[in-house]
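The structure file work-v9.pdb is reproduced below (PDB, C-alpha atoms and all ligand atoms).
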```
ATOM      1  CA  MET W   1      75.924 123.769 126.564  1.00  0.00           C
ATOM      2  CA  LYS W   2      72.699 121.980 125.562  1.00  0.00           C
ATOM      3  CA  SER W   3      70.980 124.487 123.277  1.00  0.00           C
ATOM      4  CA  VAL W   4      72.049 127.267 120.947  1.00  0.00           C
ATOM      5  CA  CYS W   5      69.942 130.197 119.779  1.00  0.00           C
ATOM      6  CA  ILE W   6      70.605 131.061 116.147  1.00  0.00           C
ATOM      7  CA  TYR W   7      69.717 134.497 114.844  1.00  0.00           C
ATOM      8  CA  CYS W   8      69.749 134.650 111.037  1.00  0.00           C
ATOM      9  CA  GLY W   9      68.058 136.135 108.011  1.00  0.00           C
ATOM     10  CA  SER W  10      64.466 135.601 106.983  1.00  0.00           C
ATOM     11  CA  SER W  11      65.986 135.917 103.484  1.00  0.00           C
ATOM     12  CA  PRO W  12      68.460 133.473 101.941  1.00  0.00           C
ATOM     13  CA  GLY W  13      70.968 136.112 100.833  1.00  0.00           C
ATOM     14  CA  ASN W  14      72.602 136.298  97.404  1.00  0.00           C
ATOM     15  CA  ARG W  15      75.560 133.958  97.864  1.00  0.00           C
ATOM     16  CA  PRO W  16      75.293 130.174  98.073  1.00  0.00           C
ATOM     17  CA  GLU W  17      77.811 130.253 100.953  1.00  0.00           C
ATOM     18  CA  TYR W  18      75.119 131.593 103.300  1.00  0.00           C
ATOM     19  CA  ALA W  19      72.712 128.681 102.812  1.00  0.00           C
ATOM     20  CA  GLU W  20      75.669 126.273 102.900  1.00  0.00           C
ATOM     21  CA  ALA W  21      76.685 127.701 106.274  1.00  0.00           C
ATOM     22  CA  ALA W  22      73.101 127.404 107.545  1.00  0.00           C
ATOM     23  CA  ARG W  23      72.887 123.756 106.438  1.00  0.00           C
ATOM     24  CA  ALA W  24      76.263 122.991 108.003  1.00  0.00           C
ATOM     25  CA  MET W  25      75.260 124.689 111.242  1.00  0.00           C
ATOM     26  CA  GLY W  26      71.969 122.757 111.427  1.00  0.00           C
ATOM     27  CA  ARG W  27      73.689 119.468 110.776  1.00  0.00           C
ATOM     28  CA  LEU W  28      76.392 120.146 113.360  1.00  0.00           C
ATOM     29  CA  LEU W  29      73.877 121.126 116.036  1.00  0.00           C
ATOM     30  CA  ALA W  30      72.066 117.825 115.486  1.00  0.00           C
ATOM     31  CA  GLU W  31      75.307 115.811 115.492  1.00  0.00           C
ATOM     32  CA  ARG W  32      76.446 117.443 118.725  1.00  0.00           C
ATOM     33  CA  GLY W  33      73.071 116.923 120.405  1.00  0.00           C
ATOM     34  CA  LEU W  34      72.527 120.663 120.747  1.00  0.00           C
ATOM     35  CA  ALA W  35      68.930 121.868 120.448  1.00  0.00           C
ATOM     36  CA  LEU W  36      68.295 124.732 118.037  1.00  0.00           C
ATOM     37  CA  VAL W  37      66.347 127.664 119.462  1.00  0.00           C
ATOM     38  CA  TYR W  38      65.292 130.141 116.784  1.00  0.00           C
ATOM     39  CA  GLY W  39      62.539 132.422 115.501  1.00  0.00           C
ATOM     40  CA  GLY W  40      60.305 129.605 114.225  1.00  0.00           C
ATOM     41  CA  GLY W  41      60.039 130.680 110.577  1.00  0.00           C
ATOM     42  CA  LYS W  42      60.217 128.546 107.458  1.00  0.00           C
ATOM     43  CA  VAL W  43      61.677 131.253 105.234  1.00  0.00           C
ATOM     44  CA  GLY W  44      65.245 132.231 104.367  1.00  0.00           C
ATOM     45  CA  LEU W  45      68.235 131.035 106.361  1.00  0.00           C
ATOM     46  CA  MET W  46      65.922 130.521 109.348  1.00  0.00           C
ATOM     47  CA  GLY W  47      64.101 127.746 107.508  1.00  0.00           C
ATOM     48  CA  THR W  48      67.323 126.313 106.110  1.00  0.00           C
ATOM     49  CA  VAL W  49      68.970 125.884 109.496  1.00  0.00           C
ATOM     50  CA  ALA W  50      65.825 124.365 111.042  1.00  0.00           C
ATOM     51  CA  ASP W  51      65.327 121.943 108.136  1.00  0.00           C
ATOM     52  CA  ALA W  52      68.955 120.798 108.435  1.00  0.00           C
ATOM     53  CA  VAL W  53      68.594 120.177 112.179  1.00  0.00           C
ATOM     54  CA  LEU W  54      65.447 118.114 111.606  1.00  0.00           C
ATOM     55  CA  ALA W  55      66.914 116.227 108.616  1.00  0.00           C
ATOM     56  CA  HIS W  56      69.753 115.037 110.863  1.00  0.00           C
ATOM     57  CA  GLY W  57      67.515 113.963 113.733  1.00  0.00           C
ATOM     58  CA  GLY W  58      68.051 116.988 115.966  1.00  0.00           C
ATOM     59  CA  THR W  59      65.725 119.112 118.064  1.00  0.00           C
ATOM     60  CA  ALA W  60      64.436 122.424 116.685  1.00  0.00           C
ATOM     61  CA  ILE W  61      62.493 124.789 118.942  1.00  0.00           C
ATOM     62  CA  GLY W  62      60.787 127.733 117.249  1.00  0.00           C
ATOM     63  CA  ILE W  63      59.335 130.799 118.942  1.00  0.00           C
ATOM     64  CA  ILE W  64      57.246 133.121 116.788  1.00  0.00           C
ATOM     65  CA  PRO W  65      54.903 136.048 117.502  1.00  0.00           C
ATOM     66  CA  GLU W  66      51.332 135.403 116.332  1.00  0.00           C
ATOM     67  CA  ALA W  67      51.470 138.380 113.950  1.00  0.00           C
ATOM     68  CA  LEU W  68      54.415 136.799 112.106  1.00  0.00           C
ATOM     69  CA  MET W  69      52.950 133.284 111.769  1.00  0.00           C
ATOM     70  CA  GLN W  70      51.749 134.109 108.231  1.00  0.00           C
ATOM     71  CA  LYS W  71      54.552 136.438 107.101  1.00  0.00           C
ATOM     72  CA  GLU W  72      57.488 134.323 108.201  1.00  0.00           C
ATOM     73  CA  VAL W  73      55.471 131.139 107.629  1.00  0.00           C
ATOM     74  CA  GLY W  74      55.640 129.359 110.960  1.00  0.00           C
ATOM     75  CA  HIS W  75      57.437 126.048 110.510  1.00  0.00           C
ATOM     76  CA  ARG W  76      54.935 123.258 111.228  1.00  0.00           C
ATOM     77  CA  GLY W  77      57.429 120.409 111.373  1.00  0.00           C
ATOM     78  CA  LEU W  78      59.419 121.563 114.402  1.00  0.00           C
ATOM     79  CA  SER W  79      60.019 119.615 117.610  1.00  0.00           C
ATOM     80  CA  GLU W  80      58.320 122.529 119.415  1.00  0.00           C
ATOM     81  CA  LEU W  81      56.658 125.655 118.006  1.00  0.00           C
ATOM     82  CA  HIS W  82      55.668 128.307 120.531  1.00  0.00           C
ATOM     83  CA  VAL W  83      53.329 131.012 119.236  1.00  0.00           C
ATOM     84  CA  VAL W  84      53.744 133.989 121.553  1.00  0.00           C
ATOM     85  CA  ARG W  85      51.942 137.322 121.822  1.00  0.00           C
ATOM     86  CA  ASN W  86      54.655 139.684 120.659  1.00  0.00           C
ATOM     87  CA  MET W  87      58.314 140.253 119.812  1.00  0.00           C
ATOM     88  CA  HIS W  88      59.293 140.914 123.417  1.00  0.00           C
ATOM     89  CA  GLU W  89      57.961 137.538 124.536  1.00  0.00           C
ATOM     90  CA  ARG W  90      59.747 135.904 121.629  1.00  0.00           C
ATOM     91  CA  LYS W  91      63.118 137.415 122.461  1.00  0.00           C
ATOM     92  CA  GLN W  92      62.749 136.692 126.166  1.00  0.00           C
ATOM     93  CA  MET W  93      61.822 133.055 125.545  1.00  0.00           C
ATOM     94  CA  MET W  94      64.650 132.598 123.038  1.00  0.00           C
ATOM     95  CA  ALA W  95      67.100 134.034 125.571  1.00  0.00           C
ATOM     96  CA  ASP W  96      65.754 131.848 128.377  1.00  0.00           C
ATOM     97  CA  ARG W  97      65.745 128.614 126.376  1.00  0.00           C
ATOM     98  CA  ALA W  98      69.295 128.927 124.962  1.00  0.00           C
ATOM     99  CA  ASP W  99      72.684 128.390 126.598  1.00  0.00           C
ATOM    100  CA  ALA W 100      74.552 130.353 123.910  1.00  0.00           C
ATOM    101  CA  PHE W 101      73.800 132.624 120.938  1.00  0.00           C
ATOM    102  CA  VAL W 102      75.109 132.775 117.370  1.00  0.00           C
ATOM    103  CA  ALA W 103      74.270 135.386 114.753  1.00  0.00           C
ATOM    104  CA  MET W 104      74.606 134.209 111.175  1.00  0.00           C
ATOM    105  CA  PRO W 105      74.171 136.495 108.155  1.00  0.00           C
ATOM    106  CA  GLY W 106      70.871 138.370 108.161  1.00  0.00           C
ATOM    107  CA  GLY W 107      69.209 141.755 108.041  1.00  0.00           C
ATOM    108  CA  VAL W 108      68.152 144.312 110.638  1.00  0.00           C
ATOM    109  CA  GLY W 109      66.029 141.756 112.548  1.00  0.00           C
ATOM    110  CA  THR W 110      69.142 139.642 113.015  1.00  0.00           C
ATOM    111  CA  PHE W 111      71.237 142.678 113.959  1.00  0.00           C
ATOM    112  CA  GLU W 112      68.666 143.808 116.512  1.00  0.00           C
ATOM    113  CA  GLU W 113      68.551 140.397 118.152  1.00  0.00           C
ATOM    114  CA  LEU W 114      72.355 140.119 118.187  1.00  0.00           C
ATOM    115  CA  PHE W 115      72.879 143.570 119.641  1.00  0.00           C
ATOM    116  CA  GLU W 116      70.224 143.161 122.294  1.00  0.00           C
ATOM    117  CA  THR W 117      71.824 139.916 123.456  1.00  0.00           C
ATOM    118  CA  PHE W 118      75.291 141.475 123.285  1.00  0.00           C
ATOM    119  CA  THR W 119      74.208 144.526 125.304  1.00  0.00           C
ATOM    120  CA  TRP W 120      72.482 142.313 127.895  1.00  0.00           C
ATOM    121  CA  LEU W 121      75.793 140.462 128.289  1.00  0.00           C
ATOM    122  CA  GLN W 122      77.678 143.739 128.646  1.00  0.00           C
ATOM    123  CA  LEU W 123      75.216 144.902 131.305  1.00  0.00           C
ATOM    124  CA  GLY W 124      75.378 141.612 133.228  1.00  0.00           C
ATOM    125  CA  TYR W 125      71.726 140.641 132.537  1.00  0.00           C
ATOM    126  CA  HIS W 126      72.984 137.224 131.456  1.00  0.00           C
ATOM    127  CA  ALA W 127      76.338 135.450 131.282  1.00  0.00           C
ATOM    128  CA  LYS W 128      75.819 133.246 128.216  1.00  0.00           C
ATOM    129  CA  PRO W 129      78.378 133.366 125.390  1.00  0.00           C
ATOM    130  CA  VAL W 130      77.535 135.246 122.194  1.00  0.00           C
ATOM    131  CA  GLY W 131      79.150 134.645 118.805  1.00  0.00           C
ATOM    132  CA  LEU W 132      79.164 135.678 115.175  1.00  0.00           C
ATOM    133  CA  LEU W 133      79.385 133.157 112.371  1.00  0.00           C
ATOM    134  CA  ASN W 134      81.175 135.338 109.854  1.00  0.00           C
ATOM    135  CA  ALA W 135      80.266 133.270 106.767  1.00  0.00           C
ATOM    136  CA  ALA W 136      81.842 134.548 103.544  1.00  0.00           C
ATOM    137  CA  GLY W 137      83.101 137.631 105.401  1.00  0.00           C
ATOM    138  CA  PHE W 138      79.537 138.922 105.787  1.00  0.00           C
ATOM    139  CA  TYR W 139      80.284 140.575 109.138  1.00  0.00           C
ATOM    140  CA  ASP W 140      83.661 142.113 108.246  1.00  0.00           C
ATOM    141  CA  GLY W 141      82.102 145.560 107.944  1.00  0.00           C
ATOM    142  CA  MET W 142      80.293 145.277 111.287  1.00  0.00           C
ATOM    143  CA  ARG W 143      83.462 144.135 113.020  1.00  0.00           C
ATOM    144  CA  GLY W 144      85.293 147.091 111.528  1.00  0.00           C
ATOM    145  CA  PHE W 145      82.607 149.427 112.805  1.00  0.00           C
ATOM    146  CA  LEU W 146      82.753 147.924 116.313  1.00  0.00           C
ATOM    147  CA  GLN W 147      86.521 148.465 116.284  1.00  0.00           C
ATOM    148  CA  HIS W 148      85.853 152.064 115.212  1.00  0.00           C
ATOM    149  CA  ALA W 149      83.587 152.427 118.278  1.00  0.00           C
ATOM    150  CA  VAL W 150      86.455 151.119 120.444  1.00  0.00           C
ATOM    151  CA  ASP W 151      88.954 153.490 118.804  1.00  0.00           C
ATOM    152  CA  GLU W 152      86.582 156.418 119.334  1.00  0.00           C
ATOM    153  CA  GLY W 153      86.096 155.628 123.020  1.00  0.00           C
ATOM    154  CA  PHE W 154      82.471 154.420 122.972  1.00  0.00           C
ATOM    155  CA  LEU W 155      83.098 150.722 123.487  1.00  0.00           C
ATOM    156  CA  LYS W 156      85.732 149.073 125.614  1.00  0.00           C
ATOM    157  CA  GLN W 157      88.050 146.574 123.959  1.00  0.00           C
ATOM    158  CA  VAL W 158      87.266 144.044 126.725  1.00  0.00           C
ATOM    159  CA  HIS W 159      83.574 144.317 125.914  1.00  0.00           C
ATOM    160  CA  ASN W 160      84.148 144.088 122.160  1.00  0.00           C
ATOM    161  CA  ASP W 161      86.205 140.950 122.855  1.00  0.00           C
ATOM    162  CA  LEU W 162      83.161 139.322 124.494  1.00  0.00           C
ATOM    163  CA  LEU W 163      81.770 138.776 120.990  1.00  0.00           C
ATOM    164  CA  HIS W 164      83.298 135.509 119.742  1.00  0.00           C
ATOM    165  CA  VAL W 165      83.861 135.295 115.993  1.00  0.00           C
ATOM    166  CA  ASP W 166      84.646 132.453 113.624  1.00  0.00           C
ATOM    167  CA  THR W 167      84.202 131.677 109.950  1.00  0.00           C
ATOM    168  CA  THR W 168      82.880 128.113 110.344  1.00  0.00           C
ATOM    169  CA  PRO W 169      80.059 126.496 112.348  1.00  0.00           C
ATOM    170  CA  GLU W 170      82.575 124.093 113.979  1.00  0.00           C
ATOM    171  CA  GLY W 171      84.838 126.969 114.935  1.00  0.00           C
ATOM    172  CA  ILE W 172      82.150 129.127 116.500  1.00  0.00           C
ATOM    173  CA  LEU W 173      80.455 126.261 118.367  1.00  0.00           C
ATOM    174  CA  ASP W 174      83.842 125.143 119.743  1.00  0.00           C
ATOM    175  CA  LYS W 175      84.594 128.669 120.933  1.00  0.00           C
ATOM    176  CA  LEU W 176      81.199 129.023 122.621  1.00  0.00           C
ATOM    177  CA  ALA W 177      81.494 125.600 124.275  1.00  0.00           C
ATOM    178  CA  ARG W 178      84.897 126.577 125.735  1.00  0.00           C
ATOM    179  CA  ALA W 179      83.923 130.115 126.670  1.00  0.00           C
ATOM    180  CA  PRO W 180      83.731 130.814 130.391  1.00  0.00           C
ATOM    181  CA  ARG W 181      80.453 132.277 131.639  1.00  0.00           C
ATOM    182  CA  VAL W 182      81.427 135.840 132.386  1.00  0.00           C
ATOM    183  CA  THR W 183      79.377 138.217 134.448  1.00  0.00           C
ATOM    184  CA  VAL W 184      80.110 141.705 133.270  1.00  0.00           C
ATOM    185  CA  ASP W 185      78.716 144.898 134.695  1.00  0.00           C
ATOM    186  CA  LYS W 186      79.895 147.805 132.634  1.00  0.00           C
ATOM    187  CA  TRP W 187      78.493 150.329 135.126  1.00  0.00           C
ATOM    188  CA  GLN W 188      80.070 148.588 138.101  1.00  0.00           C
ATOM    189  CA  GLU W 189      83.388 148.699 136.228  1.00  0.00           C
ATOM    190  CA  LYS W 190      82.810 152.400 135.619  1.00  0.00           C
ATOM    191  CA  ARG W 191      82.156 153.013 139.303  1.00  0.00           C
ATOM    192  CA  GLU W 192      85.256 151.032 140.248  1.00  0.00           C
ATOM    193  CA  GLN W 193      87.385 153.197 137.977  1.00  0.00           C
ATOM    194  CA  THR W 194      86.238 156.486 139.428  1.00  0.00           C
TER     195      THR W 194
HETATM  196  P1  LIG H   1      65.945 139.686 109.240  1.00  0.00           P
HETATM  197  O1  LIG H   1      67.366 139.502 109.682  1.00  0.00           O
HETATM  198  O2  LIG H   1      65.552 141.125 109.146  1.00  0.00           O
HETATM  199  O3  LIG H   1      65.626 138.905 108.013  1.00  0.00           O
HETATM  200  O4  LIG H   1      65.041 139.092 110.420  1.00  0.00           O
HETATM  201  C1  LIG H   1      65.404 137.899 111.023  1.00  0.00           C
HETATM  202  C2  LIG H   1      64.486 137.592 112.169  1.00  0.00           C
HETATM  203  O5  LIG H   1      64.557 138.660 113.118  1.00  0.00           O
HETATM  204  C3  LIG H   1      63.023 137.455 111.791  1.00  0.00           C
HETATM  205  O6  LIG H   1      62.487 136.354 112.504  1.00  0.00           O
HETATM  206  C4  LIG H   1      62.405 138.728 112.315  1.00  0.00           C
HETATM  207  O7  LIG H   1      61.073 138.548 112.718  1.00  0.00           O
HETATM  208  C5  LIG H   1      63.246 138.978 113.515  1.00  0.00           C
HETATM  209  N1  LIG H   1      63.114 140.365 113.955  1.00  0.00           N
HETATM  210  C6  LIG H   1      62.799 141.448 113.247  1.00  0.00           C
HETATM  211  N2  LIG H   1      62.724 142.540 114.032  1.00  0.00           N
HETATM  212  C7  LIG H   1      62.993 142.128 115.269  1.00  0.00           C
HETATM  213  C8  LIG H   1      63.050 142.750 116.541  1.00  0.00           C
HETATM  214  N3  LIG H   1      62.823 144.043 116.720  1.00  0.00           N
HETATM  215  N4  LIG H   1      63.361 141.963 117.584  1.00  0.00           N
HETATM  216  C9  LIG H   1      63.591 140.662 117.418  1.00  0.00           C
HETATM  217  N5  LIG H   1      63.543 140.019 116.272  1.00  0.00           N
HETATM  218  C10 LIG H   1      63.239 140.742 115.210  1.00  0.00           C
END
```
Whole structure, C-alpha cells version:
Amino acid sequence: MKSVCIYCGSSPGNRPEYAEAARAMGRLLAERGLALVYGGGKVGLMGTVADAVLAHGGTAIGIIPEALMQKEVGHRGLSELHVVRNMHERKQMMADRADAFVAMPGGVGTFEELFETFTWLQLGYHAKPVGLLNAAGFYDGMRGFLQHAVDEGFLKQVHNDLLHVDTTPEGILDKLARAPRVTVDKWQEKREQT
C-alpha cells in the first residue's frame, strides 16, 4: 500500500473530534510514507487532512473538477494538483491513483464517493480495500442502516463485511494494510447459487 484515497467533508463538522481525526490521519499518512489522494480542496476536513500531510513532509495529491476550483478553493500548496474536466474524471483518477480508500466524516459528497467505491468492490471492478474511519461514532447510524439492509435481504453479510471499520486512523490504516485484495463478483456468486 503506497497511497490512500481519503473521502471527507468539505465542511469541518461541529465537533472538534472530526478535525482532530483529520489532522491525525494526515500526520500518520506522512509518517508511514503513504501518499494522500483526495479531492484537492482547501476547505473543511479535506483541507485539514491535506495540510497535516504537508506539515509532516508527506505527499498530497489533489484532483478537482474545474467547476469546483473556486467553490472548494483548490489547494495551491499540494505536491500535485490535477484540474480535471468533471466529477467522473475526478472519481476515476482518485480510484486509479489510490491503493486503498477511507471515508472520514462528511456529507452527501463523501457518502456518494464511499458508496461508489464500495459498490465497485462488490461488483469486482476493483479489488482495493475500503474502510470507514468512524470518528466520534459519526458512522454508527450508517452502519446500523447497512445491517438493516442485510437483515432485510438486500445486502449480503459477506459484502457488508468488506467495509473495514475502525475508530482511529492507526486502526483503519492497519486494517487496510493487512486486508487481502479480494475480487468479488456479486452476480457471479448469484449465478453459482442458482
Ligand atoms: P461533502 O461530503 O458533501 O462535503 O463533499 C465532499 C467532497 O465530495 C467534495 O469534494 C465534493 O465535491 C465531493 N462530491 C460531491 N458530490 C460528488 C459526487 N457526485 N461524486 C464525487 N464527489 C462528490
For the file shown, what are the residues hit by the PyMOL selection byres (((not hetatm)) within 12 of (chain H and resi 1)), laid out as a ChimeraX atom specification? /W:5-13,37-47,62-75,86-95,103-117
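You will find atom CA of W:Glu31 at 8.7 Å from atom CA of W:Val53.
Atom CA of W:Leu54 lies 8.3 Å from atom CA of W:Gly77.
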Check what the PyMOL selection byres (((chain W and resi 159-175) around 6) and not hetatm) selects in the file above and give those residues as a PyMOL selection string. chain W and resi 25+130-135+156-158+176-179
Provide the atom CA of W:Leu78 to atom CA of W:Leu28 distance in Å, to one decimal place. 17.1 Å
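Distance check against W:Thr119 using all atoms listed in the file: of W:Asp151, W:Glu80, W:Asp185, W:Asp96, the minimum falls on W:Asp185.
Each of W:His126, W:Arg181, W:Arg97, W:Lys186 was compared to W:Phe154 using only C-alpha atoms, and W:Lys186 turns out to be the nearest.
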Provide an axis-aligned box for all listed atoms of stretch 57-67 of chain W, padding each side by 5 Å; report its centre and its edge lengths in Å to one decimal, as JSON.
```
{"center_x": 59.7, "center_y": 126.2, "center_z": 116.3, "size_x": 26.7, "size_y": 34.4, "size_z": 15.2}
```
Suppose a student applies the PyMOL selection byres (((chain W and resi 57) around 12) and not hetatm) to this structure; what residues should they get, written as a short mmCIF file (atom, residue, chain, number, x, y, z; two decimals) with C-alpha atoms, in the frame of the given file?
```
data_model
loop_
_atom_site.label_atom_id
_atom_site.label_comp_id
_atom_site.auth_asym_id
_atom_site.auth_seq_id
_atom_site.Cartn_x
_atom_site.Cartn_y
_atom_site.Cartn_z
CA GLY W 26 71.97 122.76 111.43
CA ARG W 27 73.69 119.47 110.78
CA LEU W 28 76.39 120.15 113.36
CA LEU W 29 73.88 121.13 116.04
CA ALA W 30 72.07 117.82 115.49
CA GLU W 31 75.31 115.81 115.49
CA ARG W 32 76.45 117.44 118.72
CA GLY W 33 73.07 116.92 120.40
CA LEU W 34 72.53 120.66 120.75
CA ALA W 35 68.93 121.87 120.45
CA LEU W 36 68.30 124.73 118.04
CA ALA W 50 65.82 124.36 111.04
CA ASP W 51 65.33 121.94 108.14
CA ALA W 52 68.96 120.80 108.44
CA VAL W 53 68.59 120.18 112.18
CA LEU W 54 65.45 118.11 111.61
CA ALA W 55 66.91 116.23 108.62
CA HIS W 56 69.75 115.04 110.86
CA GLY W 58 68.05 116.99 115.97
CA THR W 59 65.72 119.11 118.06
CA ALA W 60 64.44 122.42 116.68
CA LEU W 78 59.42 121.56 114.40
CA SER W 79 60.02 119.62 117.61
#
```
Need to verify the contact set: W:Ala127, 9 Å, all atoms listed in the file, exclusion of same-chain residues closer than 5 positions in sequence. Can you return it as a list in words? Trp120, Leu121, Gln122, Pro180, Arg181, Val182, Thr183 and Val184 of chain W
Just write the chosen residues, C-alpha atoms, as a compact mmCIF listing (two decimals), in the coordinates of the input.
```txt
# COMPACT_ATOMS: atom_id res chain seq x y z
CA TRP W 120 72.48 142.31 127.90
CA LEU W 121 75.79 140.46 128.29
CA GLN W 122 77.68 143.74 128.65
CA PRO W 180 83.73 130.81 130.39
CA ARG W 181 80.45 132.28 131.64
CA VAL W 182 81.43 135.84 132.39
CA THR W 183 79.38 138.22 134.45
CA VAL W 184 80.11 141.71 133.27
```
